[in-house]
>>> print(open('structure_11.txt').read())   # compact mmCIF, N, CA and C atoms and all ligand atoms
# COMPACT_ATOMS: atom_id res chain seq x y z
N MET U 282 14.04 -26.16 40.70
CA MET U 282 13.44 -24.85 40.85
C MET U 282 13.13 -24.26 39.47
N ASN U 283 11.94 -23.76 39.35
CA ASN U 283 11.55 -23.18 38.06
C ASN U 283 11.92 -21.70 38.01
N ARG U 284 12.73 -21.40 37.03
CA ARG U 284 13.06 -19.99 36.85
C ARG U 284 12.06 -19.38 35.87
N PRO U 285 11.70 -18.14 36.08
CA PRO U 285 10.78 -17.53 35.12
C PRO U 285 11.44 -17.48 33.74
N PRO U 286 10.65 -17.57 32.70
CA PRO U 286 11.25 -17.55 31.36
C PRO U 286 11.99 -16.24 31.13
N SER U 287 13.09 -16.30 30.44
CA SER U 287 13.86 -15.09 30.17
C SER U 287 13.04 -14.16 29.28
N GLU U 288 13.43 -12.92 29.31
CA GLU U 288 12.71 -11.93 28.52
C GLU U 288 12.75 -12.28 27.04
N ALA U 289 13.91 -12.76 26.61
CA ALA U 289 14.06 -13.09 25.19
C ALA U 289 13.14 -14.24 24.78
N SER U 290 13.08 -15.28 25.61
CA SER U 290 12.25 -16.42 25.23
C SER U 290 10.78 -16.06 25.35
N GLN U 291 10.47 -15.18 26.28
CA GLN U 291 9.08 -14.72 26.41
C GLN U 291 8.68 -13.94 25.17
N ARG U 292 9.60 -13.12 24.70
CA ARG U 292 9.32 -12.33 23.50
C ARG U 292 9.17 -13.23 22.28
N ALA U 293 9.99 -14.25 22.20
CA ALA U 293 9.91 -15.19 21.08
C ALA U 293 8.56 -15.91 21.11
N ALA U 294 8.11 -16.24 22.30
CA ALA U 294 6.82 -16.94 22.44
C ALA U 294 5.68 -16.02 22.02
N GLU U 295 5.77 -14.76 22.41
CA GLU U 295 4.74 -13.80 22.02
C GLU U 295 4.69 -13.64 20.51
N ARG U 296 5.88 -13.63 19.93
CA ARG U 296 5.97 -13.46 18.50
C ARG U 296 5.37 -14.65 17.77
N ARG U 297 5.65 -15.85 18.28
CA ARG U 297 5.07 -17.05 17.68
C ARG U 297 3.56 -17.00 17.76
N GLU U 298 3.05 -16.53 18.91
CA GLU U 298 1.61 -16.43 19.08
C GLU U 298 1.00 -15.48 18.04
N ARG U 299 1.66 -14.35 17.86
CA ARG U 299 1.16 -13.37 16.87
C ARG U 299 1.22 -13.97 15.47
N GLU U 300 2.29 -14.71 15.19
CA GLU U 300 2.43 -15.32 13.86
C GLU U 300 1.34 -16.37 13.63
N ASP U 301 1.05 -17.13 14.69
CA ASP U 301 0.01 -18.15 14.56
C ASP U 301 -1.36 -17.52 14.36
N ALA U 302 -1.57 -16.37 15.00
CA ALA U 302 -2.88 -15.71 14.93
C ALA U 302 -3.08 -14.96 13.62
N ALA U 303 -1.99 -14.61 12.96
CA ALA U 303 -2.10 -13.83 11.73
C ALA U 303 -2.59 -14.72 10.58
N PRO U 304 -3.30 -14.12 9.62
CA PRO U 304 -3.70 -14.91 8.44
C PRO U 304 -2.47 -15.28 7.61
N ARG U 305 -2.56 -16.35 6.84
CA ARG U 305 -1.45 -16.71 5.94
C ARG U 305 -1.44 -15.71 4.77
N ILE U 306 -0.26 -15.40 4.30
CA ILE U 306 -0.13 -14.48 3.16
C ILE U 306 -0.92 -15.04 1.98
N HIS U 307 -0.81 -16.34 1.81
CA HIS U 307 -1.42 -17.00 0.67
C HIS U 307 -2.94 -16.81 0.64
N THR U 308 -3.53 -16.78 1.82
CA THR U 308 -4.97 -16.60 1.93
C THR U 308 -5.37 -15.18 1.53
N VAL U 309 -4.54 -14.22 1.95
CA VAL U 309 -4.85 -12.81 1.69
C VAL U 309 -4.50 -12.43 0.25
N LEU U 310 -3.36 -12.96 -0.21
CA LEU U 310 -2.86 -12.60 -1.54
C LEU U 310 -2.54 -13.87 -2.33
N PRO U 311 -3.56 -14.53 -2.84
CA PRO U 311 -3.33 -15.81 -3.53
C PRO U 311 -2.46 -15.68 -4.79
N ARG U 312 -2.35 -14.49 -5.34
CA ARG U 312 -1.56 -14.33 -6.57
C ARG U 312 -0.07 -14.16 -6.30
N LEU U 313 0.28 -13.90 -5.07
CA LEU U 313 1.69 -13.70 -4.77
C LEU U 313 2.47 -15.00 -4.97
N ALA U 314 3.52 -14.93 -5.77
CA ALA U 314 4.29 -16.14 -6.07
C ALA U 314 5.58 -16.21 -5.25
N SER U 315 6.21 -15.10 -5.05
CA SER U 315 7.43 -15.11 -4.25
C SER U 315 7.64 -13.74 -3.62
N LEU U 316 8.38 -13.74 -2.55
CA LEU U 316 8.65 -12.49 -1.86
C LEU U 316 9.96 -12.59 -1.12
N ARG U 317 10.77 -11.56 -1.28
CA ARG U 317 11.95 -11.49 -0.43
C ARG U 317 12.12 -10.06 0.06
N LEU U 318 12.70 -9.95 1.21
CA LEU U 318 12.95 -8.64 1.82
C LEU U 318 14.45 -8.48 2.00
N GLU U 319 14.96 -7.38 1.47
CA GLU U 319 16.36 -7.04 1.68
C GLU U 319 16.40 -5.99 2.78
N ILE U 320 17.09 -6.32 3.83
CA ILE U 320 17.03 -5.50 5.02
C ILE U 320 18.41 -4.97 5.38
N ASP U 321 18.54 -3.67 5.50
CA ASP U 321 19.76 -3.18 6.10
C ASP U 321 19.45 -2.15 7.16
N GLU U 322 20.34 -2.10 8.13
CA GLU U 322 20.08 -1.32 9.32
C GLU U 322 21.15 -0.24 9.44
N ARG U 323 20.69 0.95 9.83
CA ARG U 323 21.65 2.04 9.99
C ARG U 323 21.50 2.66 11.37
N THR U 324 22.56 3.30 11.80
CA THR U 324 22.46 4.10 13.02
C THR U 324 21.89 5.45 12.62
N ALA U 325 21.46 6.23 13.61
CA ALA U 325 20.86 7.53 13.31
C ALA U 325 21.84 8.43 12.57
N GLY U 326 23.12 8.25 12.80
CA GLY U 326 24.14 9.04 12.13
C GLY U 326 24.31 8.67 10.66
N GLY U 327 23.66 7.62 10.23
CA GLY U 327 23.74 7.21 8.84
C GLY U 327 24.75 6.11 8.59
N GLY U 328 25.43 5.69 9.63
CA GLY U 328 26.41 4.61 9.47
C GLY U 328 25.74 3.27 9.29
N GLN U 329 26.43 2.40 8.60
CA GLN U 329 25.92 1.05 8.39
C GLN U 329 26.04 0.28 9.71
N ALA U 330 24.98 -0.35 10.13
CA ALA U 330 25.02 -1.14 11.36
C ALA U 330 24.83 -2.60 10.99
N GLY U 331 25.91 -3.30 10.88
CA GLY U 331 25.82 -4.72 10.54
C GLY U 331 25.60 -4.92 9.06
N ALA U 332 25.72 -6.14 8.62
CA ALA U 332 25.60 -6.45 7.21
C ALA U 332 24.14 -6.51 6.79
N ALA U 333 23.88 -6.12 5.57
CA ALA U 333 22.54 -6.26 5.03
C ALA U 333 22.22 -7.74 4.88
N HIS U 334 20.98 -8.09 5.04
CA HIS U 334 20.64 -9.49 4.83
C HIS U 334 19.31 -9.61 4.09
N ILE U 335 19.11 -10.78 3.55
CA ILE U 335 17.91 -11.03 2.75
C ILE U 335 17.06 -12.06 3.46
N ARG U 336 15.80 -11.76 3.57
CA ARG U 336 14.88 -12.73 4.15
C ARG U 336 13.93 -13.21 3.05
N ARG U 337 13.97 -14.49 2.79
CA ARG U 337 13.05 -15.05 1.81
C ARG U 337 11.80 -15.53 2.53
N ILE U 338 10.67 -15.15 2.00
CA ILE U 338 9.41 -15.50 2.63
C ILE U 338 8.82 -16.69 1.88
N VAL U 339 8.48 -17.71 2.62
CA VAL U 339 7.82 -18.87 2.01
C VAL U 339 6.34 -18.55 1.93
N VAL U 340 5.92 -18.04 0.75
CA VAL U 340 4.58 -17.45 0.67
C VAL U 340 3.47 -18.47 0.88
N GLU U 341 3.75 -19.74 0.65
CA GLU U 341 2.71 -20.76 0.83
C GLU U 341 2.35 -20.94 2.31
N HIS U 342 3.32 -20.69 3.18
CA HIS U 342 3.10 -21.01 4.59
C HIS U 342 3.23 -19.81 5.53
N ALA U 343 3.92 -18.78 5.08
CA ALA U 343 4.25 -17.70 6.00
C ALA U 343 3.02 -16.90 6.42
N PRO U 344 3.02 -16.42 7.66
CA PRO U 344 1.93 -15.55 8.10
C PRO U 344 2.08 -14.16 7.49
N ALA U 345 0.96 -13.48 7.34
CA ALA U 345 0.99 -12.11 6.83
C ALA U 345 1.38 -11.18 7.97
N LEU U 346 2.62 -11.35 8.38
CA LEU U 346 3.11 -10.60 9.53
C LEU U 346 4.61 -10.44 9.34
N PHE U 347 5.06 -9.22 9.34
CA PHE U 347 6.48 -8.97 9.08
C PHE U 347 7.08 -8.20 10.24
N LEU U 348 7.76 -8.94 11.09
CA LEU U 348 8.38 -8.33 12.26
C LEU U 348 9.89 -8.48 12.13
N LEU U 349 10.59 -7.38 12.27
CA LEU U 349 12.04 -7.42 12.22
C LEU U 349 12.57 -7.09 13.60
N ALA U 350 13.54 -7.86 14.04
CA ALA U 350 14.14 -7.58 15.34
C ALA U 350 15.11 -6.42 15.21
N CYS U 351 15.29 -5.68 16.29
CA CYS U 351 16.31 -4.63 16.28
C CYS U 351 17.67 -5.30 16.37
N GLY U 352 18.61 -4.78 15.59
CA GLY U 352 19.94 -5.39 15.54
C GLY U 352 20.83 -5.03 16.72
N ASP U 353 20.40 -4.08 17.52
CA ASP U 353 21.22 -3.69 18.66
C ASP U 353 20.85 -4.55 19.87
N SER U 354 21.82 -5.33 20.34
CA SER U 354 21.50 -6.28 21.40
C SER U 354 21.19 -5.57 22.72
N ALA U 355 21.58 -4.30 22.85
CA ALA U 355 21.29 -3.55 24.07
C ALA U 355 19.91 -2.93 24.04
N CYS U 356 19.23 -3.03 22.91
CA CYS U 356 17.93 -2.38 22.74
C CYS U 356 16.85 -3.17 23.47
N ARG U 357 16.00 -2.44 24.18
CA ARG U 357 14.87 -3.08 24.87
C ARG U 357 13.56 -2.66 24.20
N ASP U 358 12.69 -3.65 24.03
CA ASP U 358 11.36 -3.41 23.45
C ASP U 358 11.44 -2.79 22.06
N GLY U 359 12.53 -3.03 21.37
CA GLY U 359 12.66 -2.46 20.03
C GLY U 359 12.16 -3.42 18.97
N GLY U 360 12.48 -3.10 17.73
CA GLY U 360 12.05 -3.92 16.62
C GLY U 360 11.16 -3.13 15.70
N HIS U 361 10.82 -3.77 14.60
CA HIS U 361 10.08 -3.07 13.56
C HIS U 361 8.94 -3.96 13.07
N ASP U 362 7.76 -3.41 13.07
CA ASP U 362 6.61 -4.10 12.50
C ASP U 362 6.32 -3.43 11.16
N ILE U 363 6.70 -4.11 10.08
CA ILE U 363 6.50 -3.50 8.76
C ILE U 363 5.37 -4.22 8.00
N THR U 364 4.51 -4.88 8.76
CA THR U 364 3.42 -5.63 8.15
C THR U 364 2.54 -4.74 7.25
N LEU U 365 2.17 -3.59 7.78
CA LEU U 365 1.21 -2.73 7.06
C LEU U 365 1.77 -2.23 5.73
N PRO U 366 2.94 -1.57 5.72
CA PRO U 366 3.45 -1.10 4.42
C PRO U 366 3.73 -2.23 3.44
N VAL U 367 4.20 -3.37 3.93
CA VAL U 367 4.50 -4.48 3.02
C VAL U 367 3.21 -5.03 2.42
N MET U 368 2.21 -5.26 3.26
CA MET U 368 0.96 -5.82 2.76
C MET U 368 0.25 -4.85 1.82
N ARG U 369 0.37 -3.55 2.11
CA ARG U 369 -0.23 -2.55 1.24
C ARG U 369 0.39 -2.58 -0.15
N ALA U 370 1.72 -2.63 -0.19
CA ALA U 370 2.42 -2.64 -1.47
C ALA U 370 2.08 -3.91 -2.25
N LEU U 371 2.01 -5.04 -1.56
CA LEU U 371 1.68 -6.30 -2.23
C LEU U 371 0.26 -6.27 -2.75
N ASP U 372 -0.62 -5.66 -1.97
CA ASP U 372 -2.01 -5.55 -2.36
C ASP U 372 -2.16 -4.72 -3.63
N ARG U 373 -1.27 -3.74 -3.80
CA ARG U 373 -1.29 -2.93 -5.02
C ARG U 373 -0.59 -3.64 -6.17
N GLY U 374 -0.01 -4.79 -5.90
CA GLY U 374 0.66 -5.55 -6.95
C GLY U 374 2.04 -5.04 -7.28
N GLU U 375 2.65 -4.32 -6.37
CA GLU U 375 3.99 -3.78 -6.64
C GLU U 375 5.03 -4.90 -6.56
N THR U 376 5.96 -4.85 -7.51
CA THR U 376 6.98 -5.90 -7.54
C THR U 376 8.27 -5.45 -6.87
N ARG U 377 8.38 -4.16 -6.65
CA ARG U 377 9.53 -3.64 -5.93
C ARG U 377 9.10 -2.42 -5.13
N PHE U 378 9.37 -2.45 -3.85
CA PHE U 378 8.93 -1.35 -2.99
C PHE U 378 9.88 -1.30 -1.82
N ASP U 379 9.93 -0.14 -1.18
CA ASP U 379 10.83 -0.06 -0.03
C ASP U 379 10.28 0.90 1.01
N GLY U 380 10.92 0.91 2.14
CA GLY U 380 10.48 1.77 3.22
C GLY U 380 11.51 1.81 4.32
N GLU U 381 11.23 2.64 5.29
CA GLU U 381 12.14 2.81 6.42
C GLU U 381 11.34 2.82 7.70
N ASP U 382 11.95 2.33 8.75
CA ASP U 382 11.26 2.35 10.02
C ASP U 382 12.28 2.58 11.13
N ALA U 383 11.99 3.54 11.99
CA ALA U 383 12.88 3.82 13.11
C ALA U 383 12.48 2.97 14.31
N CYS U 384 13.49 2.46 14.99
CA CYS U 384 13.23 1.63 16.17
C CYS U 384 12.69 2.51 17.29
N ARG U 385 11.68 1.98 17.99
CA ARG U 385 11.09 2.73 19.09
C ARG U 385 11.49 2.16 20.44
N GLY U 386 12.52 1.36 20.43
CA GLY U 386 12.98 0.77 21.69
C GLY U 386 13.84 1.75 22.46
N SER U 387 14.36 1.31 23.58
CA SER U 387 15.21 2.17 24.38
C SER U 387 16.51 1.47 24.73
N ILE U 388 17.54 2.26 24.86
CA ILE U 388 18.85 1.75 25.27
C ILE U 388 19.27 2.55 26.49
N GLY U 389 19.40 1.87 27.61
CA GLY U 389 19.69 2.58 28.85
C GLY U 389 18.56 3.56 29.11
N SER U 390 18.90 4.83 29.31
CA SER U 390 17.86 5.82 29.58
C SER U 390 17.49 6.59 28.31
N GLY U 391 18.13 6.24 27.19
CA GLY U 391 17.85 6.95 25.95
C GLY U 391 17.05 6.10 24.98
N TYR U 392 16.83 6.66 23.82
CA TYR U 392 16.10 5.94 22.79
C TYR U 392 17.06 5.22 21.85
N CYS U 393 16.58 4.13 21.33
CA CYS U 393 17.35 3.42 20.32
C CYS U 393 17.25 4.24 19.03
N SER U 394 18.36 4.32 18.32
CA SER U 394 18.36 5.20 17.15
C SER U 394 18.49 4.43 15.84
N ARG U 395 18.33 3.11 15.93
CA ARG U 395 18.50 2.32 14.72
C ARG U 395 17.38 2.58 13.72
N ILE U 396 17.77 2.64 12.46
CA ILE U 396 16.78 2.79 11.40
C ILE U 396 16.95 1.63 10.44
N VAL U 397 15.87 0.95 10.19
CA VAL U 397 15.94 -0.16 9.27
C VAL U 397 15.37 0.29 7.92
N HIS U 398 16.10 -0.06 6.87
CA HIS U 398 15.64 0.22 5.52
C HIS U 398 15.41 -1.12 4.85
N TRP U 399 14.26 -1.28 4.25
CA TRP U 399 13.95 -2.57 3.64
C TRP U 399 13.44 -2.38 2.22
N VAL U 400 13.79 -3.34 1.40
CA VAL U 400 13.34 -3.38 0.01
C VAL U 400 12.61 -4.70 -0.17
N GLY U 401 11.41 -4.63 -0.67
CA GLY U 401 10.66 -5.84 -0.96
C GLY U 401 10.68 -6.12 -2.45
N VAL U 402 10.90 -7.37 -2.79
CA VAL U 402 10.88 -7.79 -4.20
C VAL U 402 9.90 -8.94 -4.31
N ALA U 403 8.88 -8.74 -5.10
CA ALA U 403 7.81 -9.74 -5.17
C ALA U 403 7.53 -10.13 -6.62
N THR U 404 7.06 -11.34 -6.81
CA THR U 404 6.54 -11.75 -8.10
C THR U 404 5.13 -12.28 -7.90
N PHE U 405 4.34 -12.15 -8.96
CA PHE U 405 2.94 -12.55 -8.87
C PHE U 405 2.59 -13.53 -9.97
N ASN U 406 1.71 -14.43 -9.67
CA ASN U 406 1.19 -15.31 -10.71
C ASN U 406 0.23 -14.53 -11.60
N PRO U 407 0.22 -14.81 -12.89
CA PRO U 407 -0.66 -14.09 -13.80
C PRO U 407 -2.13 -14.38 -13.49
ZN ZN W 1 16.32 -0.80 18.73
>>> encode(input="structure_11.txt", output="structure tokens", more="lines below")
Ligand SMILES: [Zn+2]
Amino acid sequence: MNRPPSEASQRAAERREREDAAPRIHTVLPRLASLRLEIDERTAGGGQAGAAHIRRIVVEHAPALFLLACGDSACRDGGHDITLPVMRALDRGETRFDGEDACRGSIGSGYCSRIVHWVGVATFNP
């Protein structure tokens, strides 16, 4: 019997599709040599939610698409799309930039209150 795909695997498939459809970073920003994102997540109250982590982007192959999952496992339809601010900063040639994004997902009948803070560190070829 075929069970319908779980919500999580369906979401992962959608994400892969978006990643495949997005242009490669290298095509858009050929001068970009390296990029990493330092990500930490907070609750609305300002508390630290989970450990900060670093995501290294393989600029030769990675899509120009930056999607962060919400760290709250109870969150539905949450997550953060930081593609626009990241690509804008890289386009300006910034080597260090940061931003914040509030999750728009929902938990139970309320809203998810997670806030992600990210720092981008980039290097460029001369
Ligand atoms: Zn969330």
>>> atom_distance(input="structure_11.txt", atom1="atom CA of U:Ser394", atom2="atom CA of U:Ala325")
5.1 Å
>>> select_by_dssp(input="structure_11.txt", residues="chain U", states="helix (DSSP H, G or I)", output="MDAnalysis selection string")
chainID U and resid 288:302 306:309 364:372
>>> closest_atom_pairs(input="structure_11.txt", of="chain U", to="ligand ZN 1 (chain W)", cutoff="6.5 Å", atoms="only N, CA and C atoms and all ligand atoms", output="JSON lines")
{"residue": "U:Cys351", "atom": "CA", "partner": "W:ZN1", "partner_atom": "ZN", "distance": 4.5}
{"residue": "U:Gly352", "atom": "N", "partner": "W:ZN1", "partner_atom": "ZN", "distance": 5.6}
{"residue": "U:Asp353", "atom": "N", "partner": "W:ZN1", "partner_atom": "ZN", "distance": 5.4}
{"residue": "U:Cys356", "atom": "CA", "partner": "W:ZN1", "partner_atom": "ZN", "distance": 4.6}
{"residue": "U:Arg357", "atom": "N", "partner": "W:ZN1", "partner_atom": "ZN", "distance": 5.7}
{"residue": "U:Asp358", "atom": "C", "partner": "W:ZN1", "partner_atom": "ZN", "distance": 6.2}
{"residue": "U:Gly359", "atom": "CA", "partner": "W:ZN1", "partner_atom": "ZN", "distance": 4.2}
{"residue": "U:Gly360", "atom": "N", "partner": "W:ZN1", "partner_atom": "ZN", "distance": 4.6}
{"residue": "U:Cys384", "atom": "CA", "partner": "W:ZN1", "partner_atom": "ZN", "distance": 4.7}
{"residue": "U:Arg385", "atom": "N", "partner": "W:ZN1", "partner_atom": "ZN", "distance": 5.5}
{"residue": "U:Gly386", "atom": "N", "partner": "W:ZN1", "partner_atom": "ZN", "distance": 4.7}
{"residue": "U:Ser387", "atom": "N", "partner": "W:ZN1", "partner_atom": "ZN", "distance": 5.6}
{"residue": "U:Cys393", "atom": "CA", "partner": "W:ZN1", "partner_atom": "ZN", "distance": 4.6}
{"residue": "U:Ser394", "atom": "N", "partner": "W:ZN1", "partner_atom": "ZN", "distance": 5.5}
{"residue": "U:Arg395", "atom": "N", "partner": "W:ZN1", "partner_atom": "ZN", "distance": 5.2}
>>> axis_aligned_box(input="structure_11.txt", around="stretch 285-295 of chain U", padding_each_side="5 Å", output="AutoDock Vina command-line options")
--center_x 9.4 --center_y -15.0 --center_z 28.3 --size_x 19.4 --size_y 16.2 --size_z 25.6
>>> residues_around(input="structure_11.txt", residues="U:Ala403", least_positions_apart="3", cutoff="7 Å", atoms="all atoms listed in the file", output="JSON, numbers by chain")
{"U": [314, 315, 316, 317, 375, 376, 377, 378]}
>>> closest_residue(input="structure_11.txt", among="U:His398, U:Arg296, U:Arg312, U:Ala370", to="U:Leu348", atoms="only C-alpha atoms")
U:Arg296
>>> atom_distance(input="structure_11.txt", atom1="atom N of U:Arg299", atom2="atom CA of U:Ala345")
11.3 Å
>>> select_by_dssp(input="structure_11.txt", residues="chain U", states="strand (DSSP E or B)", output="ChimeraX atom specification")
/U:305,313-323,329,334-338,344,348-349,357,361-362,377-383,387-388,391-392,396-405
>>> atom_distance(input="structure_11.txt", atom1="atom C of U:Leu313", atom2="atom N of U:Asp362")
22.1 Å
>>> closest_residue(input="structure_11.txt", among="U:Glu319, U:Arg284, U:His307, U:Leu371", to="U:Ile335", atoms="only N, CA and C atoms")
U:Glu319
